[in-house]
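First comes the structure, then the notes that go with it.
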Amino acid sequence: HPVEGLIPPGRFIALAEQSGHIVPIGAWALQTACRQARQWLDTYGDGLMVAVNLSAVQFADGNLFNTVTEALTRSGLPSSLLELELTESVLLHEGTIEVIRKLQRIGVTFSIDDFGTGYSSLAYLKKLSVDKLKIDRSFVDDMLDAPDSASIVNAVIQLGHGLNLTVIAEGVETEAQLAFLRSAGCDEAQGYLISKPIPASAFQDLLADARSWDVRGDTVRVPPGSGAHSASSGT
């Protein structure tokens, strides 16, 4: 915006969904992410997975399968390196499960975003065979001070592992939060402690720096000035 600058998703996504503009916006985001991931694959030769959020409106549009396959075909990105993130509310839409299964059959993986804040039945987790659960940041924010939130975080981790799913914590901003999640057995973390949102060019610098990271046991030691945050290799 010429006056307000970058507008956060929390302000424009709902309006985009109401107007229907989320469909072309979502298609553009998917194509851009796949194309960028393919460039990184060609440059670094590693299987770097890219995750893209999906809206319930994109499922309702009825063309999501073609949109995804077109993005993969045009970019040349292997389907195994694309992860699509769903909110629990998406699972309640008619026809969603069929589309998800079609995409899973071609190798695309799925995660449930903001888990614990929606209204879906736990039966969906078994029916869909998703790959990852992402603990909503609202629980991570106060888990160190609120026993109820801590219990929910622990329960989601145990539930995910019981279903052979990878569990990711969202919104990690402090070392204390990261330590709690490590002790609880959480597999991965994302949040400002690791990195704030950055342009692709800046992230590419992190990938280049990663070549000099010193991995010993379960610890990654990042050289000073690399712009990345040291963390357990399992988190």
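Ordered as shown in the structure tokens, chains take letters A, B, and onward, while each chain numbers its residues from 1 and ligands are numbered from 1 in the order shown.
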
Checklist entry - Using the chain letters and numbers from this document, which residues of segment 8-205 of chain A does DSSP assign to helix (DSSP H, G or I), as a VMD selection string? => result chain A and resid 9 to 19 22 to 44 56 to 61 64 to 75 79 to 81 88 to 92 96 to 105 123 to 128 137 to 141 147 to 162 175 to 184 200 to 205

Generate the output file for the selected residues, C-alpha atoms, as a compact mmCIF listing (two decimals), in the first residue's frame.
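Writing done, so here's part_9.txt:
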# COMPACT_ATOMS: atom_id res chain seq x y z
CA PRO A 9 -2.38 -11.52 5.81
CA GLY A 10 -4.57 -11.15 8.89
CA ARG A 11 -6.01 -8.00 7.33
CA PHE A 12 -6.46 -8.97 3.69
CA ILE A 13 -7.01 -12.73 3.53
CA ALA A 14 -10.59 -12.62 4.86
CA LEU A 15 -11.52 -9.89 2.38
CA ALA A 16 -9.87 -11.81 -0.46
CA GLU A 17 -11.88 -14.89 0.49
CA GLN A 18 -15.15 -12.95 0.66
CA SER A 19 -14.56 -11.38 -2.75
CA ILE A 22 -8.23 -15.59 -3.06
CA VAL A 23 -8.49 -18.08 -5.95
CA PRO A 24 -6.18 -16.20 -8.37
CA ILE A 25 -4.04 -14.97 -5.46
CA GLY A 26 -3.66 -18.55 -4.22
CA ALA A 27 -2.79 -19.81 -7.69
CA TRP A 28 -0.13 -17.11 -8.06
CA ALA A 29 1.35 -17.92 -4.62
CA LEU A 30 1.47 -21.63 -5.44
CA GLN A 31 3.11 -21.09 -8.83
CA THR A 32 5.65 -18.65 -7.38
CA ALA A 33 6.57 -20.96 -4.49
CA CYS A 34 6.98 -23.98 -6.76
CA ARG A 35 9.11 -22.04 -9.23
CA GLN A 36 11.35 -20.70 -6.45
CA ALA A 37 11.69 -24.14 -4.84
CA ARG A 38 12.71 -25.58 -8.21
CA GLN A 39 15.41 -22.91 -8.56
CA TRP A 40 16.78 -23.77 -5.13
CA LEU A 41 16.69 -27.47 -6.00
CA ASP A 42 18.73 -26.80 -9.14
CA THR A 43 21.19 -24.62 -7.22
CA TYR A 44 21.73 -26.71 -4.10
CA ALA A 56 -11.33 -23.30 1.84
CA VAL A 57 -12.49 -21.08 -1.04
CA GLN A 58 -9.87 -22.66 -3.30
CA PHE A 59 -11.42 -26.06 -2.64
CA ALA A 60 -14.91 -24.70 -3.27
CA ASP A 61 -13.75 -23.32 -6.62
CA LEU A 64 -7.71 -26.90 -7.18
CA PHE A 65 -6.35 -30.22 -8.46
CA ASN A 66 -5.65 -28.70 -11.88
CA THR A 67 -4.14 -25.59 -10.28
CA VAL A 68 -1.69 -27.67 -8.24
CA THR A 69 -0.71 -30.01 -11.06
CA GLU A 70 -0.22 -27.07 -13.42
CA ALA A 71 2.07 -25.34 -10.92
CA LEU A 72 4.13 -28.52 -10.55
CA THR A 73 4.32 -29.11 -14.29
CA ARG A 74 5.29 -25.55 -15.18
CA SER A 75 7.93 -25.32 -12.46
CA SER A 79 5.45 -33.36 -6.20
CA SER A 80 7.18 -34.90 -3.18
CA LEU A 81 8.70 -31.49 -2.39
CA GLU A 88 -9.27 -27.65 10.12
CA SER A 89 -12.22 -25.71 8.69
CA VAL A 90 -11.21 -26.77 5.16
CA LEU A 91 -11.90 -30.38 6.08
CA LEU A 92 -15.58 -29.64 6.61
CA THR A 96 -12.34 -31.71 0.09
CA ILE A 97 -11.32 -35.25 1.02
CA GLU A 98 -11.59 -36.45 -2.57
CA VAL A 99 -9.33 -33.64 -3.84
CA ILE A 100 -6.80 -34.23 -1.06
CA ARG A 101 -6.62 -37.94 -1.85
CA LYS A 102 -6.09 -37.26 -5.56
CA LEU A 103 -3.20 -34.96 -4.74
CA GLN A 104 -1.76 -37.43 -2.25
CA ARG A 105 -1.76 -40.09 -4.97
CA ALA A 123 -11.54 -38.99 12.60
CA TYR A 124 -10.38 -36.79 9.72
CA LEU A 125 -6.77 -37.32 10.75
CA LYS A 126 -7.16 -41.05 10.30
CA LYS A 127 -9.23 -40.74 7.14
CA LEU A 128 -6.92 -38.29 5.38
CA ARG A 137 0.62 -20.33 18.15
CA SER A 138 -2.13 -19.37 20.62
CA PHE A 139 -1.16 -22.41 22.68
CA VAL A 140 2.57 -21.87 22.26
CA ASP A 141 2.31 -18.21 23.32
CA PRO A 147 -1.01 -25.16 32.55
CA ASP A 148 -4.00 -25.70 30.25
CA SER A 149 -2.04 -24.56 27.18
CA ALA A 150 0.96 -26.66 28.20
CA SER A 151 -1.32 -29.70 28.54
CA ILE A 152 -2.78 -29.08 25.08
CA VAL A 153 0.68 -28.76 23.53
CA ASN A 154 1.80 -32.02 25.14
CA ALA A 155 -1.42 -33.75 24.10
CA VAL A 156 -1.10 -32.67 20.46
CA ILE A 157 2.51 -33.88 20.35
CA GLN A 158 1.51 -37.26 21.78
CA LEU A 159 -1.48 -37.48 19.44
CA GLY A 160 0.64 -36.67 16.42
CA HIS A 161 3.34 -39.16 17.30
CA GLY A 162 0.71 -41.81 18.01
CA GLU A 175 14.59 -19.83 23.93
CA ALA A 176 12.42 -20.95 26.86
CA GLN A 177 9.62 -21.93 24.51
CA LEU A 178 12.02 -23.85 22.31
CA ALA A 179 13.46 -25.67 25.33
CA PHE A 180 9.97 -26.66 26.51
CA LEU A 181 9.07 -27.99 23.06
CA ARG A 182 12.32 -29.95 22.84
CA SER A 183 11.65 -31.56 26.21
CA ALA A 184 8.10 -32.41 25.10
CA ALA A 200 13.58 -15.19 -1.28
CA SER A 201 16.96 -13.55 -1.90
CA ALA A 202 17.65 -13.32 1.85
CA PHE A 203 16.55 -16.90 2.39
CA GLN A 204 18.91 -17.97 -0.38
CA ASP A 205 21.72 -16.39 1.63

Next on the checklist: Using only C-alpha atoms for the distances, tell me which of A:Ser195, A:Asn63, A:Ser129, A:Thr109 is nearest to Leu82 of chain A.
Outcome noted: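 Looking at the shortest contact to Leu82 of chain A, the residue is A:Thr109.
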
Next on the checklist: I'd like to know which of A:His1, A:Leu144, A:Val50, A:Ile112 is closest to Val167 of chain A, using only C-alpha atoms.
Outcome noted: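 Nearest to Val167 of chain A: A:Ile112.
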
Checklist outcome for this item: Nearest to Lys196 of chain A, restricted to only C-alpha atoms and choosing among A:Gly47, A:Val172, A:Gly62, A:Leu54, comes out as A:Val172

Checklist entry - Mind checking DSSP for segment 3-235 of chain A and telling me the strand (DSSP E) residues as JSON, numbers by chain? => result {"A": [50, 51, 52, 53, 82, 83, 84, 85, 86, 87, 109, 110, 111, 112, 113, 114, 115, 132, 133, 134, 135, 166, 167, 168, 169, 188, 189, 214, 215, 216, 219, 220, 221]}

Item to check | All residues 6 Å or closer to Ile135 of chain A, only C-alpha atoms, same chain fewer than 6 positions away omitted, as a list in words | outcome: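 What passes the distance filter is Asp114, Phe115, Ala169 and Glu170 of chain A.
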
Checklist outcome for this item: As a check of understanding: the span from atom CA of Met49 of chain A to atom CA of Thr174 of chain A is 25.0 Å

Checklist entry - From the set A:Gly5, A:Leu206, A:Lys134, A:Gly107, which residue has the shortest atom-to-atom contact distance to Thr87 of chain A, counting only C-alpha atoms? => result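 Checking each of A:Gly5, A:Leu206, A:Lys134, A:Gly107 against Thr87 of chain A, counting only C-alpha atoms, the winner is A:Lys134.
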
Next on the checklist: Please report the interatomic distance between atom CA of Leu133 of chain A and atom CA of Glu85 of chain A in Å with one decimal.
Outcome noted: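 Calculated distance between atom CA of Leu133 of chain A and atom CA of Glu85 of chain A is 9.4 Å.
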
Checklist entry - At what distance in Å, to one decimal, does atom CA of Leu163 of chain A lie from atom CA of Asp131 of chain A? => result 9.2 Å
